Each structure stands twice: as structure tokens, then as C-alpha cells.
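Just structure.cif here, mmCIF, C-alpha atoms:
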data_target
#
loop_
_atom_site.label_atom_id
_atom_site.label_comp_id
_atom_site.auth_asym_id
_atom_site.auth_seq_id
_atom_site.Cartn_x
_atom_site.Cartn_y
_atom_site.Cartn_z
CA MET K 1 82.51 10.05 82.03
CA ALA K 2 84.45 11.05 85.14
CA LEU K 3 85.95 14.47 84.61
CA ARG K 4 87.00 16.96 87.24
CA PRO K 5 89.43 19.77 86.41
CA GLU K 6 92.32 20.25 88.76
CA PRO K 7 92.00 23.26 91.08
CA THR K 8 93.80 26.37 89.85
CA VAL K 9 95.25 29.07 92.06
CA SER K 10 93.34 32.35 91.70
CA PHE K 11 93.48 35.66 93.58
CA GLN K 12 91.85 35.37 96.98
CA SER K 13 89.63 38.35 96.34
CA VAL K 14 89.08 41.19 93.92
CA GLN K 15 89.42 43.36 97.02
CA TYR K 16 93.18 42.68 96.97
CA VAL K 17 93.33 43.94 93.40
CA LEU K 18 91.41 47.07 94.35
CA ARG K 19 93.84 47.65 97.22
CA VAL K 20 96.75 47.57 94.76
CA LEU K 21 95.01 49.95 92.34
CA GLU K 22 94.22 52.37 95.16
CA THR K 23 97.88 52.33 96.23
CA VAL K 24 99.15 53.03 92.70
CA SER K 25 96.59 55.81 92.18
CA ARG K 26 97.92 57.61 95.29
CA HIS K 27 101.36 57.85 93.66
CA GLY K 28 100.82 59.86 90.49
CA GLY K 29 104.49 59.71 89.51
CA GLY K 30 104.70 55.96 89.84
CA VAL K 31 105.39 53.48 92.63
CA THR K 32 107.66 50.44 92.82
CA ASP K 33 106.44 46.91 93.48
CA GLN K 34 108.40 46.90 96.76
CA ARG K 35 106.46 49.93 98.01
CA ILE K 36 103.16 48.48 96.78
CA ALA K 37 103.94 45.34 98.80
CA ARG K 38 104.73 47.42 101.92
CA GLU K 39 101.62 49.60 101.68
CA THR K 40 99.19 46.80 100.85
CA GLY K 41 100.71 44.11 103.04
CA LEU K 42 100.48 41.60 100.18
CA PRO K 43 103.19 38.92 99.90
CA THR K 44 105.47 39.31 96.90
CA ALA K 45 104.51 35.83 95.68
CA HIS K 46 100.89 37.01 95.29
CA LEU K 47 101.70 40.53 94.18
CA GLY K 48 103.86 39.59 91.19
CA PRO K 49 101.20 37.62 89.28
CA MET K 50 98.60 40.25 90.21
CA LEU K 51 100.71 43.08 88.76
CA ASP K 52 101.29 41.04 85.59
CA MET K 53 97.52 40.52 85.19
CA LEU K 54 96.76 44.21 85.77
CA ARG K 55 99.31 45.15 83.10
CA ARG K 56 97.86 42.68 80.60
CA GLU K 57 94.38 44.06 81.20
CA GLY K 58 95.57 47.66 80.80
CA TYR K 59 94.81 48.76 84.37
CA LEU K 60 98.47 49.42 85.13
CA GLU K 61 101.50 50.46 83.08
CA ARG K 62 105.16 50.06 83.99
CA LEU K 63 107.54 52.94 83.33
CA ALA K 64 110.54 52.02 81.22
CA ASP K 65 113.08 54.15 83.10
CA ASP K 66 112.67 52.92 86.69
CA GLY K 67 110.12 50.09 86.51
CA ALA K 68 107.57 51.97 88.61
CA TYR K 69 103.86 51.32 88.14
CA VAL K 70 101.28 53.94 87.13
CA ILE K 71 97.55 53.82 86.35
CA GLY K 72 96.83 52.50 82.84
CA ASP K 73 94.40 53.54 80.12
CA SER K 74 91.75 50.95 80.98
CA LEU K 75 91.27 52.39 84.45
CA VAL K 76 91.27 55.98 83.17
CA LEU K 77 88.46 55.13 80.73
CA LEU K 78 86.18 53.72 83.42
CA GLY K 79 84.48 56.76 84.89
CA SER K 80 80.83 56.81 85.96
CA GLY K 81 77.32 56.83 84.53
CA PRO K 82 76.27 55.55 81.08
CA ALA K 83 79.79 56.06 79.67
CA ARG K 84 81.21 53.75 82.31
CA GLU K 85 78.54 51.12 81.64
CA ARG K 86 79.33 51.14 77.93
CA ALA K 87 83.06 50.97 78.60
CA VAL K 88 82.60 48.00 80.95
CA GLU K 89 80.33 46.19 78.49
CA GLU K 90 82.78 46.73 75.62
CA LYS K 91 85.75 45.59 77.70
CA VAL K 92 83.93 42.46 78.87
CA GLN K 93 82.82 41.67 75.30
CA GLN K 94 86.37 42.03 74.02
CA ALA K 95 87.60 39.74 76.80
CA LEU K 96 84.88 37.18 76.02
CA SER K 97 85.75 37.18 72.32
CA LEU K 98 89.42 36.62 73.12
CA LEU K 99 88.55 33.87 75.60
CA ARG K 100 86.26 32.21 73.02
CA ASP K 101 89.14 32.03 70.55
CA THR K 102 91.57 30.83 73.24
CA VAL K 103 89.45 27.94 74.54
CA GLY K 104 87.70 27.14 71.25
CA ALA K 105 84.25 27.28 72.81
CA ALA K 106 81.31 29.62 73.28
CA VAL K 107 81.68 31.61 76.50
CA TYR K 108 79.15 33.40 78.69
CA VAL K 109 78.81 35.80 81.60
CA SER K 110 75.78 35.09 83.76
CA ARG K 111 74.27 36.89 86.76
CA TYR K 112 71.66 35.94 89.32
CA VAL K 113 69.36 38.98 89.19
CA ASP K 114 66.06 39.33 91.06
CA GLY K 115 65.94 35.60 91.70
CA GLU K 116 66.55 34.61 88.09
CA VAL K 117 69.42 33.18 86.04
CA ARG K 118 70.33 35.64 83.30
CA ILE K 119 72.97 35.42 80.57
CA THR K 120 74.14 39.03 80.36
CA GLN K 121 76.83 38.68 77.66
CA TYR K 122 78.26 35.93 75.49
CA ALA K 123 80.63 35.32 72.60
CA ASP K 124 80.12 32.56 70.05
CA GLY K 125 81.04 31.97 66.42
CA PRO K 126 80.59 29.68 63.42
CA HIS K 127 82.95 27.09 64.91
CA THR K 128 81.99 27.74 68.53
CA PRO K 129 78.17 27.73 68.59
CA LYS K 130 76.37 28.68 71.76
CA VAL K 131 74.09 26.23 73.53
CA ASN K 132 70.72 25.63 71.94
CA GLU K 133 68.54 27.09 74.70
CA TYR K 134 65.64 24.74 74.06
CA VAL K 135 64.60 25.26 77.71
CA ASP K 136 65.00 28.76 79.17
CA PHE K 137 68.05 28.82 81.46
CA ARG K 138 65.86 30.37 84.13
CA PHE K 139 64.12 27.02 84.48
CA ALA K 140 67.22 24.84 84.27
CA ALA K 141 69.51 26.04 87.06
CA HIS K 142 69.64 22.55 88.58
CA ALA K 143 70.93 21.04 85.31
CA SER K 144 73.20 23.65 83.69
CA ALA K 145 76.77 24.49 84.72
CA VAL K 146 75.76 28.18 84.75
CA GLY K 147 72.79 27.55 87.04
CA LYS K 148 74.60 25.23 89.41
CA CYS K 149 77.50 27.66 89.71
CA LEU K 150 75.10 30.46 90.64
CA LEU K 151 73.23 28.23 93.10
CA THR K 152 76.48 27.34 94.88
CA GLN K 153 76.77 31.04 95.77
CA LEU K 154 73.31 31.19 97.39
CA ASP K 155 72.53 30.11 100.93
CA PRO K 156 70.20 27.11 101.45
CA ASN K 157 67.14 29.34 101.79
CA GLY K 158 67.99 31.13 98.55
CA ARG K 159 68.35 27.80 96.77
CA ARG K 160 65.04 26.51 98.14
CA ASP K 161 63.33 29.72 97.11
CA HIS K 162 64.65 29.31 93.57
CA LEU K 163 63.58 25.68 93.32
CA SER K 164 60.15 26.49 94.74
CA ARG K 165 59.62 28.75 91.73
CA HIS K 166 61.42 26.57 89.18
CA LYS K 167 60.73 22.92 89.89
CA ILE K 168 63.43 20.33 89.27
CA THR K 169 62.76 18.72 85.90
CA ARG K 170 64.51 15.85 84.12
CA PHE K 171 66.01 16.99 80.80
CA THR K 172 68.31 14.03 80.12
CA SER K 173 69.16 10.74 81.82
CA ARG K 174 72.02 12.56 83.61
CA THR K 175 69.88 15.34 85.14
CA ILE K 176 69.83 15.38 88.95
CA THR K 177 66.19 15.31 90.03
CA SER K 178 66.67 14.97 93.80
CA GLU K 179 66.86 18.24 95.74
CA ARG K 180 68.79 16.51 98.54
CA LEU K 181 71.39 15.14 96.11
CA LEU K 182 71.62 18.47 94.28
CA PHE K 183 72.23 20.40 97.51
CA SER K 184 74.81 17.82 98.60
CA LYS K 185 76.74 18.24 95.37
CA LEU K 186 76.53 22.04 95.57
CA ASP K 187 77.79 22.02 99.17
CA SER K 188 80.72 19.75 98.29
CA GLN K 189 81.76 21.85 95.28
CA PRO K 190 85.25 23.36 95.93
CA PRO K 191 85.23 27.09 95.10
CA THR K 192 88.40 26.80 92.98
CA VAL K 193 87.11 23.90 90.85
CA PRO K 194 84.84 24.61 87.86
CA VAL K 195 81.24 23.37 88.03
CA LEU K 196 80.50 20.93 85.22
CA ASP K 197 77.46 19.98 83.16
CA LEU K 198 78.14 16.68 81.40
CA GLN K 199 75.04 16.39 79.21
CA GLU K 200 72.71 17.19 82.15
CA TYR K 201 70.97 20.05 80.36
CA ALA K 202 71.23 18.85 76.78
CA VAL K 203 72.38 15.61 75.16
CA GLY K 204 75.45 16.34 73.06
CA THR K 205 76.71 19.34 75.07
CA VAL K 206 79.21 19.70 77.93
CA CYS K 207 79.75 22.90 79.92
CA ALA K 208 81.86 24.38 82.71
CA ALA K 209 81.38 27.46 84.91
CA VAL K 210 83.37 29.31 87.56
CA PRO K 211 82.18 31.99 90.01
CA LEU K 212 82.73 35.68 89.30
CA THR K 213 83.34 37.53 92.56
CA ALA K 214 82.32 41.10 91.75
CA GLY K 215 81.26 42.85 94.94
CA SER K 216 78.09 41.34 96.38
CA ALA K 217 76.75 40.26 92.97
CA VAL K 218 76.30 36.57 92.22
CA GLY K 219 77.74 35.75 88.82
CA CYS K 220 79.73 33.24 86.82
CA LEU K 221 81.87 32.80 83.74
CA ALA K 222 81.02 29.74 81.64
CA LEU K 223 81.76 27.85 78.44
CA SER K 224 80.03 25.20 76.35
CA MET K 225 81.18 22.80 73.65
CA PRO K 226 79.85 19.78 71.75
CA VAL K 227 80.35 16.47 73.55
CA GLU K 228 82.75 15.27 70.84
CA HIS K 229 85.15 17.93 72.17
CA ALA K 230 84.79 16.75 75.78
CA HIS K 231 88.44 15.66 75.79
CA ARG K 232 89.30 19.40 75.73
CA LEU K 233 87.01 20.32 78.61
CA ARG K 234 89.61 19.96 81.35
CA ALA K 235 92.11 22.32 79.73
CA ALA K 236 89.38 24.75 78.66
CA ALA K 237 87.90 24.84 82.18
CA ASP K 238 91.34 25.58 83.66
CA THR K 239 91.76 28.49 81.24
CA LEU K 240 88.27 29.68 82.18
CA ASN K 241 89.25 29.62 85.84
CA ARG K 242 92.35 31.71 85.21
CA SER K 243 90.23 34.26 83.31
CA ALA K 244 87.74 34.77 86.15
CA ALA K 245 89.78 37.30 88.17
CA PRO K 246 90.35 39.82 85.34
CA MET K 247 86.75 39.42 84.19
CA ALA K 248 85.46 40.06 87.72
CA LEU K 249 87.72 43.10 87.93
CA SER K 250 86.21 44.55 84.74
CA LEU K 251 82.71 44.11 86.21
CA THR K 252 83.69 45.62 89.57
CA LEU K 253 85.47 48.82 88.50
#
Can you dump the structure from the file as C-alpha cells?
Amino acid sequence: MALRPEPTVSFQSVQYVLRVLETVSRHGGGVTDQRIARETGLPTAHLGPMLDMLRREGYLERLADDGAYVIGDSLVLLGSGPARERAVEEKVQQALSLLRDTVGAAVYVSRYVDGEVRITQYADGPHTPKVNEYVDFRFAAHASAVGKCLLTQLDPNGRRDHLSRHKITRFTSRTITSERLLFSKLDSQPPTVPVLDLQEYAVGTVCAAVPLTAGSAVGCLALSMPVEHAHRLRAAADTLNRSAAPMALSLTL
């Protein structure tokens, strides 16, 4: 089955979003989009969709009288320490639950921590079951969409180090078992195109994953669905891609 989602346009970097938030926070009484554009140097074509996303996520509010932007409740709630960690976790979980219902699939946030693949949060349900982890994801990075997406963000030495500790193993007839071929596919993976797992980890399951750029952390946002729903994978992966920027922002702030 040949399936490759079309690239979707995402924000170049969470750093641009942070620049906008810093600008708005300097103007306690509100600031217009024209002034935000002048002070950040961002083109209006990029700024408009970014402001819309920040409003949807609750990081900014727009005043009714003059249309100026002010800091929203979501940003006010994110302080520091344990309270911040709980607020971030709750916000991410809410976003995952909404995304699960939107794409009709189980969704996951994964991080590469201390040389290991870790699923840090997920949202599933009776009609959107999560993957049966019959082999620990830590040992299946070469076969899973989550693992391959994380490996694409490592340099060659980091990838070799991982595979030296977790040997390439065949799980299905579609699993890549050649390190050379795996590295070639990882190197040719466009950053704006979701990484796919078409029954490479488990027969009967298809998955997609996109990178989460949150500071220097290596992470990804992923989904899984039964193979009988593979005809929906393209649209679901595109939605996943569009959700990566706000999710990364929640993890960064």
C-alpha cells in the first residue's frame, strides 16, 4: 500500500510563537496585529494564522472594542514548579482527547529521554483503542512510526548508539531489518511529512507520527488505527501535522 500524506504548512519554529507572546506581554493594555508584525518582523501572512492558533489555544485574547491582543488565561495559568507541570500535563491531555475525537484514532505524545523511547501521554477510547504493545516500544524504534520519527531527529551517531542497544528485529514481513536502508529512509524523510508505520510494528495496525519541536527536546505526536481504517490515514495524518505546533507550544511554555 503506497501512502504518503501531502506536506502541510506549519509554523517554522515555536520560537516565532514565543516572540509573539513576548511582544504581547510587553503591552499590558493590548497591542494590534500591525504593531506585533512590526516588533517581531514576522510577515502578516504568517502572523495571521499564528494569532488565530494562539487564540484558539487560550494563550491570547482579542479585545472587542479595538481588536487589540492581550495575554490569555492559558498563559496566565502556566507559572513554574509543580503547579506548572500539572497545568501543562492537563492541557496536553485535554488537547490529546480532543485530537483523538477529531481524527477517530488513539493519539500519543512520545519523548526520547535518556536514550529511550517513552510514551509520556496518550488518549484512547472504546472505539479508538491504543496499540497493543506486545513488544516494548523501547525495542521497536526501527519499526514504529513513533520510534522512526524520534530517530529522524537524532544525528547518525545517536541513531547508531540506539541501535547498538536495541538490535533491529523483524516483527512483520514489512519491518525494515537493514540499518543502511533504515538510515536512508530516515535521511530522506521530509520534516513536514508524517512518518508512517504501515504494519511494520504489528500486523493489523497503521500509524503516523510528526515531530514536536519543543526546545531542545526530541519528541513526537502520533496516532494509530486498525488497518481496516487505513483509507482515513492520510486525512488523519494531515490533522495530526496541523496539531503539532499548538501541542509543542503547550510543552514549551
Quick one, how far is atom CA of K:Arg62 from atom CA of K:Ala45?
18.4 Å
Which value, in Å to one decimal, gives the distance between atom CA of K:Pro43 and atom CA of K:Ala95?
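Between atom CA of K:Pro43 and atom CA of K:Ala95 the gap is 27.9 Å.
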Quote the spacing between atom CA of K:Leu251 and atom CA of K:Leu42 in Å to one decimal place.
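Going from atom CA of K:Leu251 over to atom CA of K:Leu42 covers 22.7 Å.
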Would you please work out which residue, of K:His127, K:Arg170, K:Ala209, K:Gly72, is nearest to K:Ser110 when using all atoms listed in the file?
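Selected residue with least distance to K:Ser110: K:Ala209.
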Running the PyMOL selection byres ((chain K and resi 104) around 9) on this model by hand, what would come out? Give it as a list in words.
Leu99, Arg100, Asp101, Thr102, Val103, Ala105, Ala106, His127, Thr128, Met225 and Ala236 of chain K
Pick from K:Thr44, K:Gly219, K:Glu39, K:Asn157 nearest to K:Tyr112, counting only C-alpha atoms:
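Between K:Thr44, K:Gly219, K:Glu39, K:Asn157, the residue approaching K:Tyr112 most closely is K:Gly219.
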Step by step, work through what the PyMOL selection byres ((chain K and resi 173) around 10) selects in the shown file, and finish by giving those residues as a list in words.
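Output of the PyMOL selection byres ((chain K and resi 173) around 10): Arg170, Phe171, Thr172, Arg174, Thr175, Ile176, Thr177, Gln199, Glu200, Tyr201, Ala202 and Val203 of chain K.
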Output the selection as a PDB file, in the coordinates of the input - C-alpha atoms for each residue.
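Below is the file that was written, out_15.pdb:
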ATOM      1  CA  ARG K 170      64.510  15.850  84.120  1.00  0.00           C
ATOM      2  CA  PHE K 171      66.010  16.990  80.800  1.00  0.00           C
ATOM      3  CA  THR K 172      68.310  14.030  80.120  1.00  0.00           C
ATOM      4  CA  ARG K 174      72.020  12.560  83.610  1.00  0.00           C
ATOM      5  CA  THR K 175      69.880  15.340  85.140  1.00  0.00           C
ATOM      6  CA  ILE K 176      69.830  15.380  88.950  1.00  0.00           C
ATOM      7  CA  THR K 177      66.190  15.310  90.030  1.00  0.00           C
ATOM      8  CA  GLN K 199      75.040  16.390  79.210  1.00  0.00           C
ATOM      9  CA  GLU K 200      72.710  17.190  82.150  1.00  0.00           C
ATOM     10  CA  TYR K 201      70.970  20.050  80.360  1.00  0.00           C
ATOM     11  CA  ALA K 202      71.230  18.850  76.780  1.00  0.00           C
ATOM     12  CA  VAL K 203      72.380  15.610  75.160  1.00  0.00           C
TER      13      VAL K 203
END
Export: stretch 86-100 of chain K, all heavy atoms, as a CSV table (one decimal), in the first residue's frame:
chain,number,residue,atom,x,y,z
K,86,ARG,N,1.7,20.3,36.4
K,86,ARG,CA,0.3,19.8,36.4
K,86,ARG,C,-0.5,20.5,35.3
K,86,ARG,O,-1.3,19.9,34.6
K,86,ARG,CB,-0.3,19.9,37.8
K,86,ARG,CG,0.2,19.0,38.8
K,86,ARG,CD,-0.7,18.9,40.0
K,86,ARG,NE,-0.7,20.2,40.7
K,86,ARG,CZ,0.2,20.6,41.6
K,86,ARG,NH1,1.1,19.8,42.0
K,86,ARG,NH2,0.0,21.8,42.2
K,87,ALA,N,-0.4,21.8,35.2
K,87,ALA,CA,-1.1,22.6,34.3
K,87,ALA,C,-0.8,22.2,32.8
K,87,ALA,O,-1.7,22.0,32.0
K,87,ALA,CB,-0.9,24.1,34.4
K,88,VAL,N,0.5,22.0,32.6
K,88,VAL,CA,0.9,21.5,31.2
K,88,VAL,C,0.4,20.2,30.9
K,88,VAL,O,-0.2,19.9,29.9
K,88,VAL,CB,2.5,21.5,31.1
K,88,VAL,CG1,2.9,20.9,29.8
K,88,VAL,CG2,3.0,23.0,31.2
K,89,GLU,N,0.5,19.2,31.9
K,89,GLU,CA,0.0,17.9,31.7
K,89,GLU,C,-1.5,17.9,31.4
K,89,GLU,O,-2.0,17.1,30.5
K,89,GLU,CB,0.3,17.0,32.9
K,89,GLU,CG,-0.1,15.6,32.7
K,89,GLU,CD,0.4,14.7,33.9
K,89,GLU,OE1,1.3,15.1,34.7
K,89,GLU,OE2,-0.2,13.6,34.1
K,90,GLU,N,-2.2,18.7,32.2
K,90,GLU,CA,-3.7,18.7,32.0
K,90,GLU,C,-4.0,19.3,30.6
K,90,GLU,O,-5.0,18.8,29.9
K,90,GLU,CB,-4.3,19.5,33.1
K,90,GLU,CG,-4.3,18.8,34.5
K,90,GLU,CD,-4.8,19.7,35.6
K,90,GLU,OE1,-5.2,20.8,35.3
K,90,GLU,OE2,-4.7,19.3,36.8
K,91,LYS,N,-3.3,20.4,30.2
K,91,LYS,CA,-3.6,21.0,29.0
K,91,LYS,C,-3.3,20.0,27.8
K,91,LYS,O,-4.1,19.9,26.8
K,91,LYS,CB,-2.8,22.3,28.8
K,91,LYS,CG,-3.2,23.1,27.6
K,91,LYS,CD,-2.6,24.5,27.6
K,91,LYS,CE,-3.0,25.2,26.3
K,91,LYS,NZ,-4.5,25.4,26.2
K,92,VAL,N,-2.2,19.3,27.9
K,92,VAL,CA,-1.8,18.4,26.8
K,92,VAL,C,-2.8,17.3,26.8
K,92,VAL,O,-3.2,16.8,25.7
K,92,VAL,CB,-0.4,17.8,27.1
K,92,VAL,CG1,-0.1,16.7,26.2
K,92,VAL,CG2,0.6,19.0,26.9
K,93,GLN,N,-3.3,16.8,28.0
K,93,GLN,CA,-4.2,15.7,28.0
K,93,GLN,C,-5.6,16.1,27.3
K,93,GLN,O,-6.2,15.3,26.6
K,93,GLN,CB,-4.4,15.2,29.4
K,93,GLN,CG,-5.1,13.8,29.5
K,93,GLN,CD,-4.3,12.7,28.8
K,93,GLN,OE1,-3.1,12.6,29.0
K,93,GLN,NE2,-5.0,11.9,28.0
K,94,GLN,N,-6.0,17.3,27.6
K,94,GLN,CA,-7.2,17.8,27.1
K,94,GLN,C,-7.1,17.9,25.5
K,94,GLN,O,-8.0,17.6,24.8
K,94,GLN,CB,-7.6,19.2,27.6
K,94,GLN,CG,-8.0,19.2,29.1
K,94,GLN,CD,-8.1,20.5,29.7
K,94,GLN,OE1,-7.9,21.6,29.0
K,94,GLN,NE2,-8.5,20.6,31.0
K,95,ALA,N,-5.9,18.4,25.1
K,95,ALA,CA,-5.7,18.5,23.6
K,95,ALA,C,-5.6,17.2,23.0
K,95,ALA,O,-6.1,17.0,21.9
K,95,ALA,CB,-4.4,19.3,23.4
K,96,LEU,N,-5.0,16.2,23.6
K,96,LEU,CA,-5.0,14.8,23.1
K,96,LEU,C,-6.4,14.2,23.0
K,96,LEU,O,-6.7,13.6,22.0
K,96,LEU,CB,-4.1,13.9,24.0
K,96,LEU,CG,-2.6,14.1,23.9
K,96,LEU,CD1,-1.8,13.3,24.9
K,96,LEU,CD2,-2.1,13.9,22.5
K,97,SER,N,-7.2,14.4,24.0
K,97,SER,CA,-8.6,13.9,24.0
K,97,SER,C,-9.4,14.5,22.8
K,97,SER,O,-10.1,13.8,22.1
K,97,SER,CB,-9.3,14.1,25.3
K,97,SER,OG,-8.6,13.4,26.4
K,98,LEU,N,-9.2,15.8,22.6
K,98,LEU,CA,-9.9,16.5,21.5
K,98,LEU,C,-9.4,15.9,20.2
K,98,LEU,O,-10.2,15.7,19.3
K,98,LEU,CB,-9.7,18.0,21.7
K,98,LEU,CG,-10.3,18.8,20.5
K,98,LEU,CD1,-11.8,18.6,20.5
K,98,LEU,CD2,-10.0,20.3,20.7
K,99,LEU,N,-8.1,15.8,20.1
K,99,LEU,CA,-7.5,15.3,18.8
K,99,LEU,C,-7.9,13.9,18.6
K,99,LEU,O,-8.2,13.5,17.4
K,99,LEU,CB,-6.0,15.4,18.9
K,99,LEU,CG,-5.2,15.0,17.7
K,99,LEU,CD1,-5.6,15.8,16.5
K,99,LEU,CD2,-3.7,15.1,17.9
K,100,ARG,N,-8.0,13.0,19.6
K,100,ARG,CA,-8.5,11.6,19.5
K,100,ARG,C,-9.9,11.6,18.8
K,100,ARG,O,-10.1,10.9,17.9
K,100,ARG,CB,-8.5,11.0,20.8
K,100,ARG,CG,-9.2,9.6,20.8
K,100,ARG,CD,-9.6,9.2,22.2
K,100,ARG,NE,-10.6,10.2,22.7
K,100,ARG,CZ,-10.9,10.4,24.0
K,100,ARG,NH1,-10.2,9.7,24.9
K,100,ARG,NH2,-11.8,11.3,24.4
